[in-house]
>>> print(open('my_file-v4.txt').read())   # compact mmCIF, C-alpha atoms (C1' of nucleotides)
# COMPACT_ATOMS: atom_id res chain seq x y z
CA MET A 1 0.00 0.00 0.00
CA TYR A 2 1.38 3.35 -0.98
CA HIS A 3 0.56 6.79 0.32
CA PRO A 4 0.00 9.15 -2.58
CA ARG A 5 -0.26 12.23 -0.39
CA GLU A 6 3.26 11.64 0.85
CA LEU A 7 4.59 10.93 -2.62
CA TYR A 8 2.72 13.75 -4.30
CA PRO A 9 1.86 16.41 -1.73
CA SER A 10 0.68 18.81 -4.40
CA LEU A 11 -1.93 16.45 -5.77
CA GLY A 12 -5.57 17.22 -5.37
CA THR A 13 -5.31 20.67 -6.85
CA GLY A 14 -5.99 21.84 -10.34
CA TYR A 15 -3.40 22.47 -12.98
CA ARG A 16 -3.32 24.73 -15.96
CA LEU A 17 -3.85 22.92 -19.20
CA GLY A 18 -2.01 23.38 -22.41
CA PRO A 19 -2.07 21.97 -25.92
CA PRO A 20 -0.39 18.70 -26.84
CA GLN A 21 3.29 18.91 -27.60
CA PRO A 22 4.29 18.52 -31.24
CA GLY A 23 5.19 14.97 -32.04
CA ALA A 24 3.10 13.52 -29.28
CA ASP A 25 2.19 9.90 -29.73
CA SER A 26 -1.52 10.53 -30.02
CA SER A 27 -3.88 7.68 -30.64
CA PHE A 28 -6.36 10.06 -32.22
CA PRO A 29 -6.34 12.20 -35.33
CA PRO A 30 -5.56 15.89 -34.71
CA ALA A 31 -9.07 16.95 -35.69
CA LEU A 32 -10.59 14.76 -33.01
CA ALA A 33 -8.05 15.85 -30.46
CA GLU A 34 -8.79 19.51 -31.07
CA GLY A 35 -10.45 21.16 -28.16
CA TYR A 36 -9.02 18.83 -25.58
CA ARG A 37 -6.20 20.08 -23.40
CA TYR A 38 -3.61 18.39 -21.27
CA PRO A 39 -1.77 19.12 -18.07
CA ASP A 40 0.88 21.68 -18.74
CA LEU A 41 3.96 20.16 -17.26
CA ASP A 42 5.89 23.40 -17.49
CA THR A 43 4.15 24.79 -14.44
CA PRO A 44 6.46 24.94 -11.42
CA LYS A 45 3.80 23.39 -9.25
CA LEU A 46 3.65 20.29 -11.37
CA ASP A 47 7.42 20.09 -11.58
CA CYS A 48 7.43 20.16 -7.82
CA PHE A 49 5.55 16.95 -7.34
CA LEU A 50 7.28 15.35 -10.27
CA SER A 51 10.60 15.66 -8.54
CA GLY A 52 11.60 12.32 -7.20
CA ILE A 53 9.66 10.36 -9.75
CA GLU A 54 11.17 9.17 -12.98
CA ALA A 55 12.00 11.85 -15.51
CA ALA A 56 8.63 11.77 -17.17
CA PRO A 57 7.96 12.66 -20.78
CA ARG A 58 5.93 15.82 -21.08
CA THR A 59 3.00 15.09 -23.28
CA LEU A 60 -0.15 13.10 -22.84
CA ALA A 61 -2.03 11.47 -25.68
CA ALA A 62 -5.37 12.88 -26.68
CA PRO A 63 -8.85 11.48 -26.22
CA PRO A 64 -11.56 12.44 -28.70
CA PRO A 65 -14.07 15.18 -27.86
CA LEU A 66 -17.24 14.37 -25.98
CA PRO A 67 -20.71 14.32 -27.56
CA PRO A 68 -22.81 17.52 -27.59
CA LEU A 69 -23.86 18.82 -24.22
CA PRO A 70 -27.44 18.49 -22.95
CA PRO A 71 -30.19 21.09 -23.40
CA ALA A 72 -30.99 23.92 -21.02
CA LEU A 73 -30.73 23.40 -17.29
CA GLY A 74 -33.80 22.07 -15.60
CA THR A 75 -35.67 21.44 -18.80
CA GLU A 76 -34.17 18.18 -19.92
CA PRO A 77 -35.83 14.79 -19.47
CA PRO A 78 -34.41 12.34 -16.94
CA PRO A 79 -30.90 11.27 -17.96
CA PRO A 80 -30.21 7.84 -19.40
CA SER A 81 -29.21 5.02 -17.10
CA ALA A 82 -25.59 5.28 -18.18
CA PRO A 83 -23.48 8.42 -18.46
CA GLU A 84 -22.51 9.66 -21.84
CA GLY A 85 -18.86 9.10 -22.55
CA LEU A 86 -16.20 7.94 -24.91
CA HIS A 87 -13.98 5.00 -24.33
CA SER A 88 -10.67 3.66 -25.31
CA LEU A 89 -10.93 1.61 -22.12
CA PRO A 90 -13.29 -1.18 -23.14
CA GLY A 91 -15.54 -2.52 -20.42
CA VAL A 92 -14.94 0.41 -18.08
CA SER A 93 -18.02 2.13 -16.76
CA LEU A 94 -18.73 4.86 -14.26
CA SER A 95 -21.85 5.50 -12.25
CA LEU A 96 -22.74 8.60 -10.28
CA GLU A 97 -23.03 7.54 -6.65
CA ASN A 98 -25.07 10.48 -5.35
CA ARG A 99 -27.18 10.69 -8.46
CA GLU A 100 -30.49 11.14 -6.65
CA LEU A 101 -29.16 14.22 -4.87
CA TRP A 102 -27.82 15.64 -8.11
CA LYS A 103 -31.17 14.98 -9.80
CA GLU A 104 -32.94 16.82 -7.02
CA PHE A 105 -30.74 19.86 -7.49
CA ASN A 106 -30.90 19.59 -11.25
CA SER A 107 -34.68 19.57 -11.22
CA VAL A 108 -34.52 23.04 -9.66
CA GLY A 109 -31.45 24.30 -11.55
CA THR A 110 -28.18 23.67 -9.74
CA GLU A 111 -26.13 26.69 -8.71
CA MET A 112 -22.56 26.53 -7.45
CA ILE A 113 -21.02 29.35 -5.45
CA ILE A 114 -17.66 30.49 -6.72
CA THR A 115 -15.43 32.73 -4.61
CA LYS A 116 -12.04 34.35 -4.88
CA ALA A 117 -10.61 31.93 -2.33
CA GLY A 118 -12.28 28.90 -3.90
CA ARG A 119 -15.47 27.12 -2.93
CA ARG A 120 -16.21 23.42 -2.90
CA MET A 121 -18.94 21.97 -5.04
CA PHE A 122 -22.06 20.68 -3.36
CA PRO A 123 -23.16 18.14 -4.25
CA ALA A 124 -19.71 16.81 -5.05
CA CYS A 125 -19.02 14.44 -7.91
CA ARG A 126 -18.80 10.95 -6.43
CA VAL A 127 -18.57 8.00 -8.78
CA SER A 128 -18.04 4.28 -8.65
CA VAL A 129 -16.06 2.57 -11.37
CA THR A 130 -16.07 -0.98 -12.70
CA GLY A 131 -14.22 -2.86 -15.39
CA LEU A 132 -10.70 -1.71 -14.60
CA ASP A 133 -7.68 -3.98 -14.71
CA PRO A 134 -7.01 -4.48 -10.99
CA GLU A 135 -3.26 -4.54 -11.55
CA ALA A 136 -2.97 -1.59 -13.93
CA ARG A 137 -2.57 1.99 -12.78
CA TYR A 138 -4.94 4.78 -13.58
CA LEU A 139 -5.35 8.51 -13.10
CA PHE A 140 -8.69 10.09 -12.23
CA LEU A 141 -9.18 13.65 -13.46
CA LEU A 142 -12.00 16.16 -13.28
CA ASP A 143 -12.51 19.31 -15.26
CA VAL A 144 -15.42 21.70 -15.83
CA VAL A 145 -16.32 22.96 -19.28
CA PRO A 146 -18.79 25.59 -20.51
CA VAL A 147 -22.06 24.17 -21.74
CA ASP A 148 -22.78 26.92 -24.24
CA GLY A 149 -21.76 30.38 -25.36
CA ALA A 150 -24.20 32.30 -23.20
CA ARG A 151 -24.16 34.30 -20.03
CA TYR A 152 -27.16 33.76 -17.78
CA ARG A 153 -29.32 35.93 -15.60
CA TRP A 154 -31.80 35.02 -12.88
CA GLN A 155 -35.11 36.57 -13.83
CA GLY A 156 -36.91 36.05 -10.57
CA ARG A 157 -38.34 32.66 -11.50
CA ARG A 158 -35.92 31.13 -13.94
CA TRP A 159 -32.52 31.40 -15.54
CA GLU A 160 -32.47 33.00 -18.95
CA PRO A 161 -29.65 33.65 -21.40
CA SER A 162 -28.43 37.22 -21.14
CA GLY A 163 -25.87 37.95 -23.77
CA LYS A 164 -22.68 36.31 -24.91
CA ALA A 165 -20.42 34.35 -22.62
CA GLU A 166 -17.21 35.88 -21.35
CA PRO A 167 -14.04 34.73 -23.13
CA ARG A 168 -13.07 31.25 -22.10
CA LEU A 169 -10.68 31.11 -19.16
CA PRO A 170 -7.50 29.04 -18.89
CA ASP A 171 -8.44 25.38 -18.66
CA ARG A 172 -7.48 23.59 -15.52
CA VAL A 173 -7.90 20.00 -14.46
CA TYR A 174 -8.21 18.55 -10.98
CA ILE A 175 -6.14 15.44 -10.42
CA HIS A 176 -7.62 13.12 -7.84
CA PRO A 177 -5.10 12.93 -4.99
CA ASP A 178 -4.96 9.14 -5.09
CA SER A 179 -3.65 9.23 -8.68
CA PRO A 180 -1.98 7.17 -9.90
CA ALA A 181 -3.50 4.12 -8.23
CA THR A 182 -4.34 0.59 -9.27
CA GLY A 183 -7.66 -0.42 -10.73
CA ALA A 184 -8.26 -2.46 -7.60
CA HIS A 185 -7.84 0.68 -5.51
CA TRP A 186 -10.30 2.72 -7.56
CA MET A 187 -12.87 -0.06 -7.64
CA ARG A 188 -12.65 -0.75 -3.92
CA GLN A 189 -14.84 2.20 -3.00
CA PRO A 190 -16.51 5.24 -4.61
CA VAL A 191 -14.16 7.92 -5.91
CA SER A 192 -15.03 11.33 -4.50
CA PHE A 193 -14.05 14.71 -5.92
CA HIS A 194 -15.37 16.63 -2.93
CA ARG A 195 -12.13 18.58 -2.51
CA VAL A 196 -12.42 20.27 -5.89
CA LYS A 197 -12.70 24.03 -5.50
CA LEU A 198 -14.17 26.55 -7.90
CA THR A 199 -12.98 30.13 -8.13
CA ASN A 200 -13.80 33.25 -10.12
CA SER A 201 -10.27 34.58 -9.66
CA THR A 202 -8.63 34.51 -13.06
CA LEU A 203 -5.23 34.86 -11.39
CA ASP A 204 -5.91 32.16 -8.84
CA PRO A 205 -2.60 30.86 -7.50
CA HIS A 206 -4.00 27.80 -5.72
CA GLY A 207 -4.81 25.65 -8.71
CA HIS A 208 -8.57 25.84 -8.28
CA LEU A 209 -10.79 25.47 -11.31
CA ILE A 210 -11.47 28.94 -12.73
CA LEU A 211 -15.00 29.78 -13.87
CA HIS A 212 -16.99 32.82 -14.90
CA SER A 213 -19.94 33.74 -12.73
CA MET A 214 -23.38 33.45 -14.29
CA HIS A 215 -22.28 30.86 -16.82
CA LYS A 216 -23.45 27.30 -17.28
CA TYR A 217 -20.93 24.50 -16.80
CA GLN A 218 -20.64 20.74 -17.02
CA PRO A 219 -18.18 18.70 -14.93
CA ARG A 220 -16.36 15.90 -16.74
CA ILE A 221 -14.47 12.98 -15.30
CA HIS A 222 -11.58 11.42 -17.15
CA LEU A 223 -10.02 8.06 -16.42
CA VAL A 224 -6.57 7.53 -17.85
CA ARG A 225 -4.61 4.32 -17.84
CA ALA A 226 -1.05 5.37 -17.16
CA ALA A 227 1.58 4.17 -14.74
CA GLN A 228 2.79 7.69 -14.04
CA LEU A 229 1.13 11.07 -13.71
CA CYS A 230 2.82 12.27 -16.85
CA SER A 231 3.33 9.08 -18.78
CA GLN A 232 4.14 9.55 -22.43
CA HIS A 233 1.91 6.73 -23.55
CA TRP A 234 -1.58 6.46 -22.24
CA GLY A 235 -2.90 2.93 -22.12
CA GLY A 236 -6.36 4.29 -22.80
CA VAL A 237 -8.75 7.03 -21.88
CA ALA A 238 -12.39 7.15 -20.88
CA SER A 239 -14.25 10.42 -20.43
CA PHE A 240 -17.60 10.72 -18.73
CA ARG A 241 -20.11 13.40 -18.02
CA PHE A 242 -23.42 13.16 -16.24
CA PRO A 243 -26.11 15.52 -17.55
CA GLU A 244 -27.60 15.97 -14.10
CA THR A 245 -24.37 17.57 -12.83
CA THR A 246 -24.73 20.65 -15.01
CA PHE A 247 -24.76 23.87 -12.98
CA ILE A 248 -24.66 27.65 -13.18
CA SER A 249 -21.83 29.38 -11.34
CA VAL A 250 -22.84 32.26 -9.06
CA THR A 251 -21.25 34.45 -6.43
CA ALA A 252 -24.47 34.45 -4.43
CA TYR A 253 -27.40 32.09 -4.73
CA GLN A 254 -30.15 33.40 -6.96
CA ASN A 255 -32.85 30.76 -6.64
CA PRO A 256 -34.16 30.47 -3.06
CA ARG A 257 -35.10 26.84 -3.68
CA ILE A 258 -31.45 26.03 -4.33
CA THR A 259 -30.51 27.74 -1.06
CA GLN A 260 -33.08 25.61 0.75
CA LEU A 261 -31.76 22.43 -0.84
CA LYS A 262 -28.16 23.28 0.01
CA ILE A 263 -29.05 24.03 3.63
CA ALA A 264 -31.06 20.86 3.89
CA ALA A 265 -28.43 18.58 2.35
CA ASN A 266 -25.05 20.06 3.26
CA PRO A 267 -23.89 19.21 6.80
CA PHE A 268 -21.84 22.41 6.99
CA ALA A 269 -25.01 24.44 6.55
CA LYS A 270 -26.77 22.76 9.43
CA GLY A 271 -26.65 26.02 11.35
CA PHE A 272 -29.11 27.52 8.89
CA ARG A 273 -31.73 24.83 9.31
CA GLU A 274 -34.88 25.67 11.19
CA ASN A 275 -33.76 23.69 14.20
CA GLY A 276 -30.37 25.34 14.03
CA ARG A 277 -29.36 28.96 14.14
CA ASN A 278 -32.78 30.21 13.04
CA GLU A 279 -34.62 28.33 15.73
CA VAL A 280 -37.12 30.52 17.55
CA GLY A 281 -36.87 30.49 21.32
C1' DT B 1 -29.74 52.89 -9.79
C1' DC B 2 -28.75 48.24 -9.30
C1' DA B 3 -26.87 43.66 -10.33
C1' DG B 4 -23.08 41.42 -8.99
C1' DC B 5 -19.15 40.91 -5.91
C1' DT B 6 -16.53 40.89 -1.44
C1' DA B 7 -15.55 40.57 3.36
C1' DC B 8 -17.00 39.26 7.51
C1' DC B 9 -20.08 36.78 10.73
C1' DA B 10 -21.93 32.83 13.46
C1' DC B 11 -22.29 28.22 13.21
C1' DT B 12 -20.95 23.45 11.91
C1' DT B 13 -17.94 19.64 10.48
C1' DT B 14 -13.39 17.97 9.70
C1' DT B 15 -8.75 17.27 10.82
C1' DG B 16 -4.83 16.12 13.26
C1' DA B 17 -1.96 16.32 17.25
C1' DA B 18 -1.76 15.20 22.04
C1' DA B 19 -3.29 12.50 25.78
C1' DT B 20 -4.77 8.29 27.55
C1' DG B 21 -5.41 3.38 27.95
C1' DA B 22 -4.69 -1.51 26.80
C1' DA C 1 7.44 0.24 23.49
C1' DT C 2 3.65 -0.11 20.49
C1' DC C 3 -0.83 0.40 18.91
C1' DA C 4 -5.67 1.85 19.33
C1' DT C 5 -8.89 5.00 21.06
C1' DT C 6 -10.42 9.40 22.91
C1' DT C 7 -10.22 14.30 23.48
C1' DC C 8 -9.99 18.81 22.03
C1' DA C 9 -8.48 22.92 19.72
C1' DA C 10 -7.64 24.75 15.26
C1' DA C 11 -8.76 24.80 10.59
C1' DA C 12 -11.93 24.64 7.08
C1' DG C 13 -16.57 24.73 5.01
C1' DT C 14 -21.45 26.73 5.18
C1' DG C 15 -25.20 30.55 3.83
C1' DG C 16 -26.56 35.29 5.43
C1' DT C 17 -25.85 39.95 4.97
C1' DA C 18 -24.14 44.67 4.81
C1' DG C 19 -21.59 47.42 2.13
C1' DC C 20 -18.91 48.32 -2.00
C1' DT C 21 -18.33 48.92 -7.07
C1' DG C 22 -18.61 49.51 -11.90
>>> encode(input="my_file-v4.txt", output="structure tokens")
Amino acid sequence: MYHPRELYPSLGTGYRLGPPQPGADSSFPPALAEGYRYPDLDTPKLDCFLSGIEAAPRTLAAPPPLPPLPPALGTEPPPPSAPEGLHSLPGVSLSLENRELWKEFNSVGTEMIITKAGRRMFPACRVSVTGLDPEARYLFLLDVVPVDGARYRWQGRRWEPSGKAEPRLPDRVYIHPDSPATGAHWMRQPVSFHRVKLTNSTLDPHGHLILHSMHKYQPRIHLVRAAQLCSQHWGGVASFRFPETTFISVTAYQNPRITQLKIAANPFAKGFRENGRNEVG
DNA sequence: TCAGCTACCACTTTTGAAATGA
DNA sequence: ATCATTTCAAAAGTGGTAGCTG
């Protein structure tokens, strides 16, 4: 048993993404790879946790793009039983563990607070995985991508598009702190991304995922078969997204029903429940 | 003027080191 | 001496809100 946090103390944060290096051994045609970014290994932070591991090559192979994103928040029919995704890892599947909670939020229109210092997502993305090679090593990654090219505005009762989206911000990816770990490790128990933090600070120095406020986003989870964090040759890639995890980023909650749901479901907000801070008497 | 953002507040859970016990 | 459990203070995570800003 190894202890990833000791080996890679910087793991669990997000890293700036950059384009594939020329000459990378991509398994996919350039056209399909377009739009997908990879950890930029030039960042000092990444170099930091790479020290001590083998001198790793600097480019990761490219998975193909994901299918089109779902329709407007809160208006879509119930999602299919399986997440949409693309595989070069045959037999591997992911399921959203806290799907019922996500569906509850999604039925109202999920909002996620973003702050300068970084705010966790609630609900968090928690998935269980099957079909991995128990002996092989894998990386688990999470990123958040814009759903469309619109900015949104809360109009008292619903979210409505309100102009063009802000220019896209630098892509970052969150590397699950257990990465890399064996398939047996990942399949042993659900994989939680509850430590992911979202920020609206474009100059964020902490590696949090940078988003624009009042924009609609979709989290994606990527599973990469690779012995090392920065292995030159990926043994395969599977990318997943769950339509019910779509959300709008805000700096303050707009929909009171979302506030109620957050208070009811998030243990840290217990003080705001009726039998908590607001209790009369 | 006002929508959106920030800092701070009170409250809660989580974390980890120290103390204690077997 | 070692390991497991308990205790407790500090850190971190919540939404509310007043005030600021462009």
>>> interface_residues(input="my_file-v4.txt", of="chain C", to="chain A", cutoff="12 Å", atoms="all atoms listed in the file", output="compact mmCIF listing (two decimals) with C-alpha atoms (C1' of nucleotides), keeping the file's coordinate frame")
# COMPACT_ATOMS: atom_id res chain seq x y z
C1' DA C 12 -11.93 24.64 7.08
C1' DG C 13 -16.57 24.73 5.01
C1' DT C 14 -21.45 26.73 5.18
C1' DG C 15 -25.20 30.55 3.83
C1' DG C 16 -26.56 35.29 5.43
C1' DT C 17 -25.85 39.95 4.97
>>> interface_residues(input="my_file-v4.txt", of="chain B", to="chain A", cutoff="10 Å", atoms="only C-alpha atoms (C1' of nucleotides)", output="ChimeraX atom specification")
/B:3-6,10-14
>>> atom_distance(input="my_file-v4.txt", atom1="CA of Thr245 in chain A", atom2="CA of Trp186 in chain A")
21.1 Å
>>> atom_distance(input="my_file-v4.txt", atom1="CA of Arg168 in chain A", atom2="CA of Trp154 in chain A")
21.2 Å
>>> residues_around(input="my_file-v4.txt", residues="Leu139 in chain A", least_positions_apart="3", cutoff="10 Å", atoms="all atoms listed in the file", output="JSON, numbers by chain")
{"A": [175, 176, 177, 178, 179, 180, 181, 182, 183, 186, 222, 223, 224, 225, 226, 227, 228, 229, 230, 237]}
>>> atom_distance(input="my_file-v4.txt", atom1="C1' of DT2 in chain C", atom2="C1' of DA19 in chain B")
15.3 Å
>>> residues_near_point(input="my_file-v4.txt", point="(0.9, 16.3, 20.4)", cutoff="12 Å", atoms="all atoms listed in the file", output="number ranges by chain")
B: 16-19; C: 7-9
>>> residues_around(input="my_file-v4.txt", residues="His185 in chain A", least_positions_apart="2", cutoff="12 Å", atoms="only C-alpha atoms (C1' of nucleotides)", output="number ranges by chain")
A: 1-4, 128-130, 132-140, 178-183, 187-191
>>> residues_around(input="my_file-v4.txt", residues="Glu104 in chain A", least_positions_apart="6", cutoff="12 Å", atoms="all atoms listed in the file", output="list in words")
Gly74, Pro78, Asn98, Thr110, Pro123, Glu244, Thr245, Arg257, Ile258, Gln260, Leu261, Lys262, Ala264 and Ala265 of chain A
>>> write_last_selection(input="my_file-v4.txt", atoms="C-alpha atoms", output="tab-separated table (two decimals), keeping the file's coordinate frame")
chain	number	residue	atom	x	y	z
A	74	GLY	CA	-33.80	22.07	-15.60
A	78	PRO	CA	-34.41	12.34	-16.94
A	98	ASN	CA	-25.07	10.48	-5.35
A	110	THR	CA	-28.18	23.67	-9.74
A	123	PRO	CA	-23.16	18.14	-4.25
A	244	GLU	CA	-27.60	15.97	-14.10
A	245	THR	CA	-24.37	17.57	-12.83
A	257	ARG	CA	-35.10	26.84	-3.68
A	258	ILE	CA	-31.45	26.03	-4.33
A	260	GLN	CA	-33.08	25.61	0.75
A	261	LEU	CA	-31.76	22.43	-0.84
A	262	LYS	CA	-28.16	23.28	0.01
A	264	ALA	CA	-31.06	20.86	3.89
A	265	ALA	CA	-28.43	18.58	2.35
>>> residues_around(input="my_file-v4.txt", residues="His208 in chain A", least_positions_apart="6", cutoff="12 Å", atoms="all atoms listed in the file", output="MDAnalysis selection string")
chainID A and resid 11:16 114:121 142:144 170:175 195:202
>>> write_last_selection(input="my_file-v4.txt", atoms="C-alpha atoms", output="short mmCIF file (atom, residue, chain, number, x, y, z; two decimals), in the coordinates of the input")
data_model
loop_
_atom_site.label_atom_id
_atom_site.label_comp_id
_atom_site.auth_asym_id
_atom_site.auth_seq_id
_atom_site.Cartn_x
_atom_site.Cartn_y
_atom_site.Cartn_z
CA LEU A 11 -1.93 16.45 -5.77
CA GLY A 12 -5.57 17.22 -5.37
CA THR A 13 -5.31 20.67 -6.85
CA GLY A 14 -5.99 21.84 -10.34
CA TYR A 15 -3.40 22.47 -12.98
CA ARG A 16 -3.32 24.73 -15.96
CA ILE A 114 -17.66 30.49 -6.72
CA THR A 115 -15.43 32.73 -4.61
CA LYS A 116 -12.04 34.35 -4.88
CA ALA A 117 -10.61 31.93 -2.33
CA GLY A 118 -12.28 28.90 -3.90
CA ARG A 119 -15.47 27.12 -2.93
CA ARG A 120 -16.21 23.42 -2.90
CA MET A 121 -18.94 21.97 -5.04
CA LEU A 142 -12.00 16.16 -13.28
CA ASP A 143 -12.51 19.31 -15.26
CA VAL A 144 -15.42 21.70 -15.83
CA PRO A 170 -7.50 29.04 -18.89
CA ASP A 171 -8.44 25.38 -18.66
CA ARG A 172 -7.48 23.59 -15.52
CA VAL A 173 -7.90 20.00 -14.46
CA TYR A 174 -8.21 18.55 -10.98
CA ILE A 175 -6.14 15.44 -10.42
CA ARG A 195 -12.13 18.58 -2.51
CA VAL A 196 -12.42 20.27 -5.89
CA LYS A 197 -12.70 24.03 -5.50
CA LEU A 198 -14.17 26.55 -7.90
CA THR A 199 -12.98 30.13 -8.13
CA ASN A 200 -13.80 33.25 -10.12
CA SER A 201 -10.27 34.58 -9.66
CA THR A 202 -8.63 34.51 -13.06
#
>>> closest_residue(input="my_file-v4.txt", among="A:His194, A:Arg220, A:Arg273, A:His215", to="Asp148 in chain A", atoms="only C-alpha atoms")
A:His215
